[in-house]
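Quick notes on the structure that follows.
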Amino acid sequence: MAEAQAPRRAAFLDRDGVLIEDDGYPHDPALVRWVPGAAAALRALNQAGYWVFVVTNQSGVARGLYPEAAVPALHGWMNAQLAAQGAHIDAFEYCPHHPEAPLPAFRQACACRKPAPGMLLKLLQSWPVLRAGSFMVGDRESDMAAAAAAGLPGHLFPGGALDGFLLPLLAAQKR
């Protein structure tokens, strides 16, 4: 957290399908493929002074496809890979729950699972975020619904190069 730091705008990003390819429950760094332009997009956000947050549903945990420890391990790996390219993510939030999960410990309808805004609201409360100019980028309507419920504009990423999608958004923010 960064309570002592000055408030700034934030970019909230979905993980699978926005930063890394969504090949069906990605969790093993050895199999992860970055979306083209992801590091360049994150570097541009960092250089523009944005907080960069990842908010991701991880129902693979609830489905028993991988242990919960795999999620923060992958996030640490992601930040290490990004650091080598001059970029970073300030915080990761994930929801391991699903209302129909086969694993009882994770079977719940919770306020953090998108389209609910819980992960975004937690970050907004924990970090000094300027709401004006902050936004969400996701690849699903549930991401857009979470952004709207948190009072943030949402931008639906259609795929392709993330930097090509994000750089015009940043330019529009400067106007």
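Each chain of the structure tokens is named A, B, ... in the order shown, its residues numbered from 1; ligands are numbered from 1 in display order.
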Mind running range 55-130 of chain A against range 32-36 of chain A at 12 Å and telling me each contacting residue's nearest atom pair with the distance in Å (one decimal), counting only C-alpha atoms, chain and number ascending, as JSON lines?
{"residue": "A:Leu74", "atom": "CA", "partner": "A:Val32", "partner_atom": "CA", "distance": 9.1}
{"residue": "A:His75", "atom": "CA", "partner": "A:Val32", "partner_atom": "CA", "distance": 11.3}
{"residue": "A:Trp77", "atom": "CA", "partner": "A:Val32", "partner_atom": "CA", "distance": 10.2}
{"residue": "A:Met78", "atom": "CA", "partner": "A:Trp34", "partner_atom": "CA", "distance": 9.3}
{"residue": "A:Gln81", "atom": "CA", "partner": "A:Trp34", "partner_atom": "CA", "distance": 10.1}
{"residue": "A:Leu82", "atom": "CA", "partner": "A:Trp34", "partner_atom": "CA", "distance": 10.4}
Per-residue nearest contacts of range 29-95 of chain A to range 7-14 of chain A (8 Å; only C-alpha atoms) as JSON lines:
{"residue": "A:Leu45", "atom": "CA", "partner": "A:Ala11", "partner_atom": "CA", "distance": 7.6}
{"residue": "A:Gly49", "atom": "CA", "partner": "A:Arg8", "partner_atom": "CA", "distance": 7.0}
{"residue": "A:Tyr50", "atom": "CA", "partner": "A:Ala10", "partner_atom": "CA", "distance": 4.9}
{"residue": "A:Trp51", "atom": "CA", "partner": "A:Ala10", "partner_atom": "CA", "distance": 4.4}
{"residue": "A:Val52", "atom": "CA", "partner": "A:Ala11", "partner_atom": "CA", "distance": 5.1}
{"residue": "A:Phe53", "atom": "CA", "partner": "A:Phe12", "partner_atom": "CA", "distance": 4.8}
{"residue": "A:Val54", "atom": "CA", "partner": "A:Leu13", "partner_atom": "CA", "distance": 4.8}
{"residue": "A:Val55", "atom": "CA", "partner": "A:Asp14", "partner_atom": "CA", "distance": 5.3}
{"residue": "A:Thr56", "atom": "CA", "partner": "A:Asp14", "partner_atom": "CA", "distance": 5.4}
I need the residues from that last selection saved to file as a CSV table (one decimal), in the first residue's frame (with C-alpha atoms), if you can.
chain,number,residue,atom,x,y,z
A,45,LEU,CA,1.2,3.8,-17.6
A,49,GLY,CA,2.4,8.3,-13.2
A,50,TYR,CA,-0.6,5.9,-13.0
A,51,TRP,CA,-1.0,3.3,-10.3
A,52,VAL,CA,-1.3,0.1,-12.1
A,53,PHE,CA,-3.6,-2.5,-10.6
A,54,VAL,CA,-4.6,-6.0,-11.7
A,55,VAL,CA,-8.1,-7.3,-10.8
A,56,THR,CA,-8.7,-10.8,-11.8
Quiz item: At what distance in Å, to one decimal, does CA of Ser59 in chain A lie from CA of Pro96 in chain A?
Solution: 5.2 Å
Exercise. Compile the contact shell of Gly17 in chain A as an NGL selection string: residues with an atom at most 12 Å away, counting only C-alpha atoms, same-chain residues fewer than 3 positions apart removed.
Key: :A and (13-14 or 20-26 or 32-36 or 38 or 56-57 or 137-140 or 143 or 156-162)
Quiz item: Where does DSSP see strand (DSSP E or B) in chain A, if you list the residues as a ChimeraX atom specification?
Solution: /A:8,10-13,16,20,34,51-57,91-95,98,107,129,135-138,154-156
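Shortest atom-to-atom contact with Ala30 in chain A among A:Gln47, A:Val61, A:Ala73, A:Glu68: A:Ala73, counting only C-alpha atoms.
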